[in-house]
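> What follows is model06.csv; its format and atoms are CSV, C-alpha atoms and all ligand atoms.
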chain,number,residue,atom,x,y,z
E,23,MET,CA,-36.5,-9.4,34.9
E,24,THR,CA,-32.8,-9.1,34.0
E,25,ILE,CA,-31.1,-5.9,35.2
E,26,ARG,CA,-27.5,-5.8,34.3
E,27,PHE,CA,-25.0,-2.9,34.3
E,28,THR,CA,-22.0,-2.9,31.9
E,29,MET,CA,-19.2,-0.4,32.1
E,30,LEU,CA,-18.1,0.5,28.5
E,31,GLY,CA,-15.7,3.3,29.2
E,32,SER,CA,-14.1,4.1,32.5
E,33,GLY,CA,-11.7,6.8,31.3
E,34,ALA,CA,-12.3,10.5,30.4
E,35,VAL,CA,-10.8,13.1,28.0
E,36,ARG,CA,-7.4,11.6,27.3
E,37,ASP,CA,-6.7,9.0,24.6
E,38,ASN,CA,-5.9,6.2,27.1
E,39,PRO,CA,-6.0,3.0,25.1
E,40,ARG,CA,-6.9,1.0,28.3
E,41,ARG,CA,-9.9,3.1,29.2
E,42,ALA,CA,-12.5,4.3,26.7
E,43,GLY,CA,-14.4,7.6,27.2
E,44,PRO,CA,-17.4,7.7,29.6
E,45,SER,CA,-20.2,5.3,28.7
E,46,GLN,CA,-22.2,2.5,30.3
E,47,ILE,CA,-25.3,0.5,29.6
E,48,LEU,CA,-28.1,-0.8,31.7
E,49,GLN,CA,-30.0,-3.7,30.4
E,50,VAL,CA,-33.5,-3.7,31.9
E,51,GLY,CA,-35.4,-6.7,30.6
E,52,ASP,CA,-35.2,-6.4,26.8
E,53,GLN,CA,-34.5,-2.7,26.9
E,54,THR,CA,-30.9,-1.4,26.4
E,55,LEU,CA,-30.3,2.0,28.0
E,56,MET,CA,-27.0,3.8,27.3
E,57,PHE,CA,-25.7,6.5,29.6
E,58,ASP,CA,-23.2,8.8,27.9
E,59,CYS,CA,-21.4,7.9,24.7
E,60,GLY,CA,-17.8,8.9,24.9
E,61,ARG,CA,-14.9,7.7,22.7
E,62,SER,CA,-15.2,4.1,21.6
E,63,ALA,CA,-18.7,3.6,23.2
E,64,ALA,CA,-20.0,1.9,20.1
E,65,THR,CA,-17.1,-0.6,19.7
E,66,SER,CA,-17.1,-1.2,23.5
E,67,LEU,CA,-20.8,-2.0,23.2
E,68,ALA,CA,-20.1,-4.4,20.4
E,69,ALA,CA,-17.4,-6.1,22.4
E,70,ALA,CA,-19.9,-6.5,25.2
E,71,GLY,CA,-22.3,-8.2,22.8
E,72,GLY,CA,-24.5,-5.2,22.1
E,73,ALA,CA,-25.2,-3.2,19.0
E,74,CYS,CA,-25.7,0.4,18.0
E,75,GLU,CA,-29.0,-0.3,16.3
E,76,ALA,CA,-30.3,-2.0,19.5
E,77,ILE,CA,-29.9,0.9,21.9
E,78,ASP,CA,-33.4,1.9,22.9
E,79,ARG,CA,-32.6,5.1,24.7
E,80,LEU,CA,-29.5,7.2,25.3
E,81,PHE,CA,-29.2,9.5,28.3
E,82,LEU,CA,-26.6,12.3,28.2
E,83,THR,CA,-25.3,13.7,31.5
E,84,HIS,CA,-23.8,16.8,29.9
E,85,LEU,CA,-22.3,18.0,26.7
E,86,HIS,CA,-18.5,17.9,27.5
E,87,PHE,CA,-17.1,16.3,24.4
E,88,ASP,CA,-15.6,13.3,26.2
E,89,HIS,CA,-19.2,12.2,27.2
E,90,VAL,CA,-20.8,12.6,23.8
E,91,VAL,CA,-18.2,12.3,21.0
E,92,ASP,CA,-19.4,8.8,19.8
E,93,LEU,CA,-23.0,10.1,19.2
E,94,PRO,CA,-22.8,10.6,15.5
E,95,TYR,CA,-21.1,7.3,15.0
E,96,ILE,CA,-23.9,5.5,17.0
E,97,VAL,CA,-26.6,7.3,15.1
E,98,PHE,CA,-25.1,6.7,11.6
E,99,THR,CA,-24.0,3.1,12.2
E,100,GLY,CA,-27.4,2.3,13.8
E,101,TRP,CA,-29.1,3.8,10.7
E,102,VAL,CA,-26.9,1.9,8.3
E,103,LYS,CA,-27.5,-1.4,10.2
E,104,GLY,CA,-31.2,-1.0,10.0
E,105,ARG,CA,-32.4,0.5,13.2
E,106,GLU,CA,-36.2,0.0,13.4
E,107,ALA,CA,-37.2,3.0,15.4
E,108,ARG,CA,-35.7,6.4,16.0
E,109,LEU,CA,-33.1,6.5,18.9
E,110,GLY,CA,-34.6,8.2,21.9
E,111,ILE,CA,-32.1,10.7,23.4
E,112,HIS,CA,-32.6,12.4,26.8
E,113,GLY,CA,-30.2,15.1,28.0
E,114,PRO,CA,-29.9,18.5,29.6
E,115,VAL,CA,-31.0,21.8,28.1
E,116,GLY,CA,-29.0,22.2,24.9
E,117,THR,CA,-29.2,18.6,23.8
E,118,GLY,CA,-31.8,19.3,21.1
E,119,ASP,CA,-29.6,22.0,19.5
E,120,PHE,CA,-26.5,19.8,19.8
E,121,VAL,CA,-28.1,16.8,18.1
E,122,SER,CA,-29.6,18.9,15.4
E,123,ARG,CA,-26.2,20.3,14.6
E,124,ILE,CA,-24.1,17.2,14.8
E,125,ILE,CA,-26.1,14.8,12.6
E,126,ARG,CA,-27.5,16.6,9.5
E,127,PRO,CA,-25.3,19.6,8.7
E,128,PRO,CA,-21.8,18.1,8.8
E,129,PHE,CA,-22.9,14.8,7.1
E,130,GLU,CA,-25.2,16.3,4.4
E,131,GLN,CA,-23.1,14.8,1.6
E,132,ASP,CA,-23.1,11.3,3.2
E,133,ILE,CA,-26.8,11.4,3.8
E,134,ASP,CA,-27.6,12.5,0.3
E,135,SER,CA,-25.3,9.8,-1.1
E,136,ARG,CA,-27.0,7.0,0.8
E,137,VAL,CA,-30.5,8.3,0.1
E,138,GLY,CA,-29.5,8.4,-3.5
E,139,HIS,CA,-28.7,4.7,-3.3
E,140,GLY,CA,-32.1,3.9,-1.9
E,141,LYS,CA,-31.6,4.2,1.9
E,142,ASP,CA,-34.7,5.7,3.5
E,143,LEU,CA,-34.5,8.5,6.1
E,144,GLU,CA,-37.1,7.0,8.4
E,145,SER,CA,-35.0,6.1,11.4
E,146,LEU,CA,-32.0,8.5,11.0
E,147,ASP,CA,-33.0,11.4,13.2
E,148,PRO,CA,-33.0,10.8,16.9
E,149,ASP,CA,-36.1,11.6,18.9
E,150,VAL,CA,-34.7,14.1,21.5
E,151,SER,CA,-36.3,15.3,24.7
E,152,GLU,CA,-34.6,17.6,27.0
E,153,VAL,CA,-34.7,17.1,30.8
E,154,ALA,CA,-35.3,20.5,32.2
E,155,GLY,CA,-35.7,19.9,35.9
E,156,ALA,CA,-35.2,17.4,38.7
E,157,GLY,CA,-37.4,14.4,39.4
E,158,GLU,CA,-39.0,11.5,37.5
E,159,PHE,CA,-39.3,12.3,33.8
E,160,LEU,CA,-39.8,8.9,32.2
E,161,VAL,CA,-41.9,5.8,32.8
E,162,ASP,CA,-41.4,3.0,30.4
E,163,ASP,CA,-41.6,-0.8,30.1
E,164,GLY,CA,-40.8,-1.9,33.7
E,165,TYR,CA,-38.6,1.0,34.7
E,166,ARG,CA,-38.7,4.6,35.7
E,167,VAL,CA,-35.9,7.2,35.2
E,168,SER,CA,-35.3,10.3,37.4
E,169,ALA,CA,-32.8,13.1,37.1
E,170,ALA,CA,-31.1,15.4,39.5
E,171,PRO,CA,-29.0,18.5,38.6
E,172,VAL,CA,-25.3,18.8,39.4
E,173,ASP,CA,-22.9,21.8,39.6
E,174,HIS,CA,-20.4,21.2,36.8
E,175,ALA,CA,-18.3,23.6,34.8
E,176,ASN,CA,-21.1,26.2,34.4
E,177,MET,CA,-23.0,24.0,32.1
E,178,PRO,CA,-26.3,22.1,32.4
E,179,ALA,CA,-25.5,18.7,33.9
E,180,LEU,CA,-27.5,15.8,35.3
E,181,VAL,CA,-27.3,12.6,37.2
E,182,TYR,CA,-29.7,9.8,36.4
E,183,ARG,CA,-31.5,7.2,38.5
E,184,VAL,CA,-33.2,4.1,37.2
E,185,ASP,CA,-35.7,2.2,39.3
E,186,ALA,CA,-36.8,-1.2,38.0
E,187,GLY,CA,-38.7,-3.6,40.2
E,188,ASP,CA,-37.0,-3.3,43.6
E,189,ARG,CA,-33.7,-2.4,42.1
E,190,ARG,CA,-32.2,1.1,42.0
E,191,VAL,CA,-29.1,2.2,40.0
E,192,VAL,CA,-27.7,5.8,40.1
E,193,ILE,CA,-25.3,6.8,37.2
E,194,THR,CA,-23.5,10.1,37.4
E,195,GLY,CA,-21.7,12.2,34.8
E,196,ASP,CA,-19.4,14.8,36.3
E,197,GLY,CA,-19.9,17.3,39.0
E,198,LYS,CA,-21.1,18.1,42.5
E,199,PRO,CA,-24.7,17.3,43.5
E,200,ASP,CA,-26.7,19.3,46.0
E,201,GLU,CA,-27.9,18.1,49.4
E,202,GLY,CA,-30.9,16.4,47.9
E,203,PHE,CA,-28.6,13.9,46.2
E,204,THR,CA,-28.4,11.7,49.3
E,205,ASP,CA,-32.2,11.1,49.2
E,206,PHE,CA,-31.9,10.7,45.4
E,207,CYS,CA,-29.5,7.8,46.0
E,208,ARG,CA,-31.3,6.3,49.0
E,209,GLY,CA,-30.8,2.5,49.2
E,210,ALA,CA,-29.3,2.2,45.7
E,211,ASP,CA,-28.0,-1.2,44.7
E,212,LEU,CA,-25.3,0.5,42.6
E,213,LEU,CA,-23.9,4.0,42.5
E,214,ALA,CA,-21.6,4.4,39.5
E,215,VAL,CA,-19.9,7.6,40.3
E,216,GLU,CA,-17.2,9.9,38.8
E,217,CYS,CA,-14.0,9.9,40.8
E,218,SER,CA,-11.6,12.0,38.8
E,219,GLY,CA,-8.7,12.2,41.2
E,220,THR,CA,-7.3,12.2,44.7
E,221,PRO,CA,-7.7,15.5,46.6
E,222,GLU,CA,-4.0,16.4,46.1
E,223,PHE,CA,-4.3,15.8,42.3
E,224,LEU,CA,-7.6,17.7,41.9
E,225,ALA,CA,-6.1,20.6,43.9
E,226,GLU,CA,-3.4,21.0,41.2
E,227,GLN,CA,-5.9,21.1,38.3
E,228,PRO,CA,-7.6,24.3,37.1
E,229,TRP,CA,-10.8,22.3,36.7
E,230,GLY,CA,-10.4,20.3,39.9
E,231,HIS,CA,-13.2,22.0,41.8
E,232,TRP,CA,-15.7,20.8,39.2
E,233,HIS,CA,-15.5,17.3,40.6
E,234,LEU,CA,-16.3,15.1,43.6
E,235,ARG,CA,-13.6,14.0,46.1
E,236,PRO,CA,-13.3,10.4,47.3
E,237,ALA,CA,-14.4,11.6,50.8
E,238,ASP,CA,-17.6,13.2,49.2
E,239,ILE,CA,-18.4,9.8,47.6
E,240,ALA,CA,-17.9,8.0,50.9
E,241,ARG,CA,-20.2,10.4,52.8
E,242,ILE,CA,-23.0,10.3,50.2
E,243,ALA,CA,-22.8,6.5,49.9
E,244,THR,CA,-22.9,6.0,53.7
E,245,GLU,CA,-25.7,8.5,54.4
E,246,ALA,CA,-27.7,7.1,51.5
E,247,GLU,CA,-27.1,3.5,52.5
E,248,VAL,CA,-25.9,2.6,49.0
E,249,LYS,CA,-25.1,-1.0,48.7
E,250,ARG,CA,-22.2,-0.8,46.2
E,251,VAL,CA,-20.1,2.0,44.7
E,252,MET,CA,-18.3,1.9,41.4
E,253,ILE,CA,-15.7,4.6,40.8
E,254,LYS,CA,-15.2,5.7,37.1
E,255,HIS,CA,-14.1,8.7,35.0
E,256,LEU,CA,-10.5,8.0,36.2
E,257,VAL,CA,-8.8,11.1,34.9
E,258,ILE,CA,-5.9,10.8,37.3
E,259,GLU,CA,-4.8,7.6,35.5
E,260,ASP,CA,-5.3,9.1,32.1
E,261,ILE,CA,-3.1,12.1,32.9
E,262,THR,CA,-0.4,10.6,35.1
E,263,GLY,CA,-0.3,7.1,33.7
E,264,ASP,CA,-0.3,5.8,37.2
E,265,ARG,CA,-2.4,2.6,37.1
E,266,THR,CA,-2.4,2.3,40.9
E,267,ALA,CA,-4.1,5.7,41.5
E,268,PRO,CA,-7.7,4.4,41.0
E,269,TYR,CA,-7.1,1.8,43.7
E,270,ARG,CA,-5.7,4.4,46.1
E,271,MET,CA,-8.9,6.4,45.5
E,272,ALA,CA,-11.0,3.3,46.2
E,273,GLU,CA,-9.1,3.0,49.5
E,274,GLN,CA,-9.9,6.6,50.3
E,275,VAL,CA,-13.6,5.9,49.7
E,276,ARG,CA,-13.4,2.8,51.9
E,277,GLN,CA,-12.1,5.0,54.8
E,278,GLY,CA,-15.5,6.5,55.1
E,279,TYR,CA,-17.8,3.9,53.6
E,280,GLY,CA,-18.3,0.2,54.7
E,281,GLY,CA,-19.9,-1.1,51.5
E,282,GLU,CA,-18.3,-2.6,48.4
E,283,VAL,CA,-16.2,-0.3,46.3
E,284,ILE,CA,-15.3,-1.4,42.8
E,285,VAL,CA,-12.8,0.3,40.5
E,286,ALA,CA,-14.4,0.4,37.0
E,287,GLU,CA,-12.8,-1.4,34.1
E,288,ASP,CA,-14.0,-1.4,30.6
E,289,GLY,CA,-16.3,-4.4,30.0
E,290,LEU,CA,-17.0,-5.0,33.7
E,291,VAL,CA,-20.5,-6.3,34.2
E,292,VAL,CA,-22.5,-6.0,37.4
E,293,GLY,CA,-25.6,-8.3,37.6
E,294,LEU,CA,-28.3,-6.7,39.7
E,295,SER,CA,-31.0,-9.4,39.4
G,301,ZN,ZN,-17.5,17.1,32.3
Would you give me this structure, written as structure tokens?

Amino acid sequence: MTIRFTMLGSGAVRDNPRRAGPSQILQVGDQTLMFDCGRSAATSLAAAGGACEAIDRLFLTHLHFDHVVDLPYIVFTGWVKGREARLGIHGPVGTGDFVSRIIRPPFEQDIDSRVGHGKDLESLDPDVSEVAGAGEFLVDDGYRVSAAPVDHANMPALVYRVDAGDRRVVITGDGKPDEGFTDFCRGADLLAVECSGTPEFLAEQPWGHWHLRPADIARIATEAEVKRVMIKHLVIEDITGDRTAPYRMAEQVRQGYGGEVIVAEDGLVVGLS
């Protein structure tokens, strides 16, 4: 079975033209799973050979706008392009309310107009299920998905893990996990993890304590015997313009972790089987 990870957006909030907002896909056999859908997720997906209407499930880590702002675009473009089944969306508490507000109410005129021209509503509304607690919450065609909570900005926030065959992939959003996270990541083939800045940079930001430090990532990856780490959500480059900063952070991770450390780039593919 093909298991392939593609980084779609390695940036964060700022409008960095080199790095789209947070988003990635995991191809598991014939299933396309998207994790977060930040700015330009849909066009990055198209550039990678995918398509909005072919996303089977979308997993949201939390509702900060940089992680979800492409959601209405993906839903409407998928609908217009003839999505066959409703898009499955999984996310933290509040996702149902968010999706119900962002699709129908603001686009009422658009929807009425298209329905007036013969478009049916069948596949428009996503099928949302909220992930309330930790643990495995989904078993589907050849894969299982689990979630763990993270402490991030006083909002519900999750990390996801996909197990498929003997492969394990952990994909974070933002935030600090609890002690159970090491076991959650145990033996992962890939940990795609937020790394927003160096300790010095984060110490200067009012939101800096919401995020992991490179040394935290090294400790978790070492203790969990993770095979490969990809750092992403590269806020420091977005804000300072310093393109070398992500590589310095990768070095900081390597100081405490002996496995492979990859700096995310938009479009980067990691084959896992
Ligand atoms: Zn966030």
> Which residues, protein or nucleic acid, reach to within 12 Å of (-29.5, -3.5, 43.4) in the file's coordinates when using all atoms listed in the file, and can you give that as a PyMOL selection string?
chain E and resi 24-27+183-192+207-214+247-251+292-295
> For the residues in the current selection, export C-alpha atoms as a PDB file, in the frame of the given file.

ATOM      1  CA  THR E  24     -32.800  -9.100  34.000  1.00  0.00           C
ATOM      2  CA  ILE E  25     -31.100  -5.900  35.200  1.00  0.00           C
ATOM      3  CA  ARG E  26     -27.500  -5.800  34.300  1.00  0.00           C
ATOM      4  CA  PHE E  27     -25.000  -2.900  34.300  1.00  0.00           C
ATOM      5  CA  ARG E 183     -31.500   7.200  38.500  1.00  0.00           C
ATOM      6  CA  VAL E 184     -33.200   4.100  37.200  1.00  0.00           C
ATOM      7  CA  ASP E 185     -35.700   2.200  39.300  1.00  0.00           C
ATOM      8  CA  ALA E 186     -36.800  -1.200  38.000  1.00  0.00           C
ATOM      9  CA  GLY E 187     -38.700  -3.600  40.200  1.00  0.00           C
ATOM     10  CA  ASP E 188     -37.000  -3.300  43.600  1.00  0.00           C
ATOM     11  CA  ARG E 189     -33.700  -2.400  42.100  1.00  0.00           C
ATOM     12  CA  ARG E 190     -32.200   1.100  42.000  1.00  0.00           C
ATOM     13  CA  VAL E 191     -29.100   2.200  40.000  1.00  0.00           C
ATOM     14  CA  VAL E 192     -27.700   5.800  40.100  1.00  0.00           C
ATOM     15  CA  CYS E 207     -29.500   7.800  46.000  1.00  0.00           C
ATOM     16  CA  ARG E 208     -31.300   6.300  49.000  1.00  0.00           C
ATOM     17  CA  GLY E 209     -30.800   2.500  49.200  1.00  0.00           C
ATOM     18  CA  ALA E 210     -29.300   2.200  45.700  1.00  0.00           C
ATOM     19  CA  ASP E 211     -28.000  -1.200  44.700  1.00  0.00           C
ATOM     20  CA  LEU E 212     -25.300   0.500  42.600  1.00  0.00           C
ATOM     21  CA  LEU E 213     -23.900   4.000  42.500  1.00  0.00           C
ATOM     22  CA  ALA E 214     -21.600   4.400  39.500  1.00  0.00           C
ATOM     23  CA  GLU E 247     -27.100   3.500  52.500  1.00  0.00           C
ATOM     24  CA  VAL E 248     -25.900   2.600  49.000  1.00  0.00           C
ATOM     25  CA  LYS E 249     -25.100  -1.000  48.700  1.00  0.00           C
ATOM     26  CA  ARG E 250     -22.200  -0.800  46.200  1.00  0.00           C
ATOM     27  CA  VAL E 251     -20.100   2.000  44.700  1.00  0.00           C
ATOM     28  CA  VAL E 292     -22.500  -6.000  37.400  1.00  0.00           C
ATOM     29  CA  GLY E 293     -25.600  -8.300  37.600  1.00  0.00           C
ATOM     30  CA  LEU E 294     -28.300  -6.700  39.700  1.00  0.00           C
ATOM     31  CA  SER E 295     -31.000  -9.400  39.400  1.00  0.00           C
TER      32      SER E 295
END
> Using Å and a single decimal, report how far CA of Ser122 (chain E) sits from CA of Ser66 (chain E).
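Going from CA of Ser66 (chain E) over to CA of Ser122 (chain E) covers 25.0 Å.
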> Using all atoms listed in the file, which residues have at least one atom no more than 8 Å from ligand ZN 301 (chain G)? Output them as a ChimeraX atom specification.
/E:84-89,174-175,195-197
> Since we have the selection now, will you write its residues out, keeping C-alpha atoms, as a PDB file, keeping the file's coordinate frame?

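The resulting file, result_38.pdb, is shown below:
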ATOM      1  CA  HIS E  84     -23.800  16.800  29.900  1.00  0.00           C
ATOM      2  CA  LEU E  85     -22.300  18.000  26.700  1.00  0.00           C
ATOM      3  CA  HIS E  86     -18.500  17.900  27.500  1.00  0.00           C
ATOM      4  CA  PHE E  87     -17.100  16.300  24.400  1.00  0.00           C
ATOM      5  CA  ASP E  88     -15.600  13.300  26.200  1.00  0.00           C
ATOM      6  CA  HIS E  89     -19.200  12.200  27.200  1.00  0.00           C
ATOM      7  CA  HIS E 174     -20.400  21.200  36.800  1.00  0.00           C
ATOM      8  CA  ALA E 175     -18.300  23.600  34.800  1.00  0.00           C
ATOM      9  CA  GLY E 195     -21.700  12.200  34.800  1.00  0.00           C
ATOM     10  CA  ASP E 196     -19.400  14.800  36.300  1.00  0.00           C
ATOM     11  CA  GLY E 197     -19.900  17.300  39.000  1.00  0.00           C
TER      12      GLY E 197
END
> Hey, which of E:Leu82, E:Ala73, E:Val137, E:Val115 ends up closest to Phe57 (chain E)? Count only C-alpha atoms.
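Between E:Leu82, E:Ala73, E:Val137, E:Val115, the residue approaching Phe57 (chain E) most closely is E:Leu82.
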> Do a neighbour search on region 256-268 of chain E at 9 Å with all atoms listed in the file, toss out local chain neighbours closer than 4 positions, and write the hits as a list in words.
Ser32, Gly33, Ala34, Val35, Arg36, Asp37, Asn38, Arg41, Glu216, Cys217, Ser218, Gly219, Thr220, Phe223, Leu224, Ala272, Glu273, Val285 and Ala286 of chain E
> Smallest atom-to-atom distance to Trp232 (chain E): which of E:Asp52, E:Asp200, E:Asp78, E:Asp173, using only C-alpha atoms?
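Nearest to Trp232 (chain E): E:Asp173.
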> For a quick check of understanding, using all atoms listed in the file, which of E:Leu143, E:Ala156, E:Cys59, E:Phe81 has the smallest distance to Met29 (chain E)?
E:Cys59
> Name the closest residue to Val291 (chain E) among the candidates E:Met252, E:Tyr182, E:Ser145, E:Glu106; distances are taken between atoms, counting all atoms listed in the file.
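Checking each candidate against Val291 (chain E), we get E:Met252 as the closest.
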> Hey, which of E:Lys198, E:Arg136, E:Arg79, E:His233 ends up closest to Val167 (chain E)? Count all atoms listed in the file.
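Using all atoms listed in the file, the shortest distance to Val167 (chain E) belongs to E:Arg79.
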> Which residues come within 12 Å of Ala68 (chain E), counting only C-alpha atoms, excluding same-chain residues fewer than 4 positions away, as JSON, numbers by chain?
{"E": [28, 30, 47, 62, 63, 64, 72, 73, 74, 75, 76, 77, 96, 99, 100, 289]}
> Quote the spacing between CA of Thr194 (chain E) and CA of Gly280 (chain E) in Å to one decimal place.
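One can read the CA of Thr194 (chain E) to CA of Gly280 (chain E) distance as 20.6 Å.
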> Mind pulling up the distance from CA of Lys254 (chain E) to CA of Val215 (chain E)?
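Computed distance, CA of Val215 (chain E) to CA of Lys254 (chain E), equals 6.0 Å.
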> Identify, on the basis of all atoms listed in the file, every residue whose closest approach to Gly157 (chain E) does not exceed 7 Å; exclude the query and any residue fewer than 2 positions from it along the same chain; express the result as a PyMOL selection string.
chain E and resi 155+159+168-170
